[in-house]
Amino acid sequence: MRHNKKFNHLGRTASHRHAMLSNMACSLIQHKRITTTVAKAKALKKYVEPLITKSKLDTTNSRRVVFRYLQNKYAVTELFKEISVKIADRPGGYTRIIKTGHRLGDNAEMCFIELVDYNANMAKDTVKKTTRTRRSKKSSSVADVQESAPVSEATSAEDVAKAE
């Protein structure tokens with residue numbers, strides 16, 4: 001019976017899935033944001049968040065446990081030196097998934113997965129929609145320029161022309 005054995009197998013063998021998640025976790029730690037499918041991002045979130053929690057306590061044992069999952073000493077070093085300092089007071093939720101649409105080839109749903117503390121304004125960036133007006137601003141701007149033209153310069157140019 002397979003009670004409580006629910007996780008996305010991602011259509012791969014166990015060894016391939018572990019290797020893929022390990023590589024994706026290393027890339028996420030080193031680059032702070034990666035683009036992938038939504039299914040892989042959700043699986044990666046469950047894989048990497050306990051490792052980030054483990055990195056809060058910088059002991060030899062926690063480094064060994066994290067290295068067992070990542071198998072990349074540069075990623076482990078960056079996780080314990082930089083990322084754990086930034087997320088020290090955060091109680092959880094270290095990653096964010098932002099959907100970006102569908103891939104052209106197979107219509108797979110794509111997304112960004114990123115570390116929350118490294119790009120706080122990414123989720124808030126929205127393109128401002130500019131409203132177009134029907135009246136022409138060109139006529140009013142030409143009138144403003146004519147009104148704002150200094151009269152003294154025009155008269156002084158005319159005076160110079162008359163003097164010659």
# chains A, B, ... in the order shown; residues from 1 in each chain; ligands from 1

call {"tool": "select_by_dssp", "arguments": {"residues": "region 16-80 of chain A", "states": "strand (DSSP E)", "output": "list of chain:residue names"}}
result
A:Arg33, A:Ile34, A:Thr35, A:Thr36, A:Thr37

call {"tool": "closest_residue", "arguments": {"among": "A:Val48, A:Val65, A:Met1, A:Cys111", "to": "Gly92 (chain A)", "atoms": "only C-alpha atoms"}}
result
A:Val48

call {"tool": "select_by_dssp", "arguments": {"residues": "region 12-113 of chain A", "states": "alpha helix (DSSP H)", "output": "PDB file with C-alpha atoms, in the first residue's frame"}}
result
ATOM      1  CA  ALA A  14      14.316   8.228  -8.498  1.00  0.00           C
ATOM      2  CA  SER A  15      18.024   8.735  -9.185  1.00  0.00           C
ATOM      3  CA  HIS A  16      17.337  11.105 -12.095  1.00  0.00           C
ATOM      4  CA  ARG A  17      14.836  13.080 -10.010  1.00  0.00           C
ATOM      5  CA  HIS A  18      17.277  13.464  -7.095  1.00  0.00           C
ATOM      6  CA  ALA A  19      20.084  14.539  -9.406  1.00  0.00           C
ATOM      7  CA  MET A  20      17.835  17.033 -11.204  1.00  0.00           C
ATOM      8  CA  LEU A  21      16.525  18.574  -7.980  1.00  0.00           C
ATOM      9  CA  SER A  22      20.042  18.793  -6.575  1.00  0.00           C
ATOM     10  CA  ASN A  23      21.297  20.591  -9.698  1.00  0.00           C
ATOM     11  CA  MET A  24      18.303  22.938  -9.718  1.00  0.00           C
ATOM     12  CA  ALA A  25      18.801  23.724  -6.016  1.00  0.00           C
ATOM     13  CA  CYS A  26      22.481  24.547  -6.632  1.00  0.00           C
ATOM     14  CA  SER A  27      21.518  26.811  -9.545  1.00  0.00           C
ATOM     15  CA  LEU A  28      18.870  28.538  -7.443  1.00  0.00           C
ATOM     16  CA  ILE A  29      21.328  29.148  -4.615  1.00  0.00           C
ATOM     17  CA  GLN A  30      24.046  30.473  -6.914  1.00  0.00           C
ATOM     18  CA  HIS A  31      21.900  32.562  -9.286  1.00  0.00           C
ATOM     19  CA  VAL A  38       5.689  25.059 -12.590  1.00  0.00           C
ATOM     20  CA  ALA A  39       5.739  21.347 -11.667  1.00  0.00           C
ATOM     21  CA  LYS A  40       9.521  21.333 -11.270  1.00  0.00           C
ATOM     22  CA  ALA A  41       9.417  24.615  -9.337  1.00  0.00           C
ATOM     23  CA  LYS A  42       6.912  23.214  -6.849  1.00  0.00           C
ATOM     24  CA  ALA A  43       9.020  20.086  -6.386  1.00  0.00           C
ATOM     25  CA  LEU A  44      12.147  22.231  -5.993  1.00  0.00           C
ATOM     26  CA  LYS A  45      10.435  24.387  -3.378  1.00  0.00           C
ATOM     27  CA  LYS A  46       9.792  21.330  -1.206  1.00  0.00           C
ATOM     28  CA  TYR A  47      13.382  20.215  -1.762  1.00  0.00           C
ATOM     29  CA  VAL A  48      15.258  23.466  -1.084  1.00  0.00           C
ATOM     30  CA  GLU A  49      13.305  25.127   1.722  1.00  0.00           C
ATOM     31  CA  PRO A  50      14.282  22.561   4.401  1.00  0.00           C
ATOM     32  CA  LEU A  51      17.909  22.974   3.300  1.00  0.00           C
ATOM     33  CA  ILE A  52      17.676  26.746   3.735  1.00  0.00           C
ATOM     34  CA  THR A  53      16.138  26.237   7.172  1.00  0.00           C
ATOM     35  CA  LYS A  54      18.995  23.866   8.031  1.00  0.00           C
ATOM     36  CA  THR A  60      29.477  20.972  11.011  1.00  0.00           C
ATOM     37  CA  ASN A  61      26.591  18.526  11.081  1.00  0.00           C
ATOM     38  CA  SER A  62      24.184  20.863   9.283  1.00  0.00           C
ATOM     39  CA  ARG A  63      26.822  21.554   6.618  1.00  0.00           C
ATOM     40  CA  ARG A  64      27.295  17.820   6.105  1.00  0.00           C
ATOM     41  CA  VAL A  65      23.553  17.223   5.854  1.00  0.00           C
ATOM     42  CA  VAL A  66      23.127  20.012   3.298  1.00  0.00           C
ATOM     43  CA  PHE A  67      26.179  18.839   1.323  1.00  0.00           C
ATOM     44  CA  ARG A  68      24.656  15.366   1.137  1.00  0.00           C
ATOM     45  CA  TYR A  69      21.709  16.866  -0.751  1.00  0.00           C
ATOM     46  CA  LEU A  70      23.513  19.454  -2.910  1.00  0.00           C
ATOM     47  CA  LYS A  73      30.731  22.842  -2.083  1.00  0.00           C
ATOM     48  CA  TYR A  74      30.422  26.289  -3.702  1.00  0.00           C
ATOM     49  CA  ALA A  75      26.642  26.231  -3.354  1.00  0.00           C
ATOM     50  CA  VAL A  76      26.924  25.057   0.269  1.00  0.00           C
ATOM     51  CA  THR A  77      29.405  27.844   1.052  1.00  0.00           C
ATOM     52  CA  GLU A  78      27.170  30.489  -0.502  1.00  0.00           C
ATOM     53  CA  SER A  84      21.527  32.256   5.809  1.00  0.00           C
ATOM     54  CA  VAL A  85      22.491  35.758   6.983  1.00  0.00           C
ATOM     55  CA  LYS A  86      19.710  37.365   4.940  1.00  0.00           C
TER      56      LYS A  86
END

call {"tool": "atom_distance", "arguments": {"atom1": "CA of Asn8 (chain A)", "atom2": "CA of Leu79 (chain A)"}}
result
25.5 Å
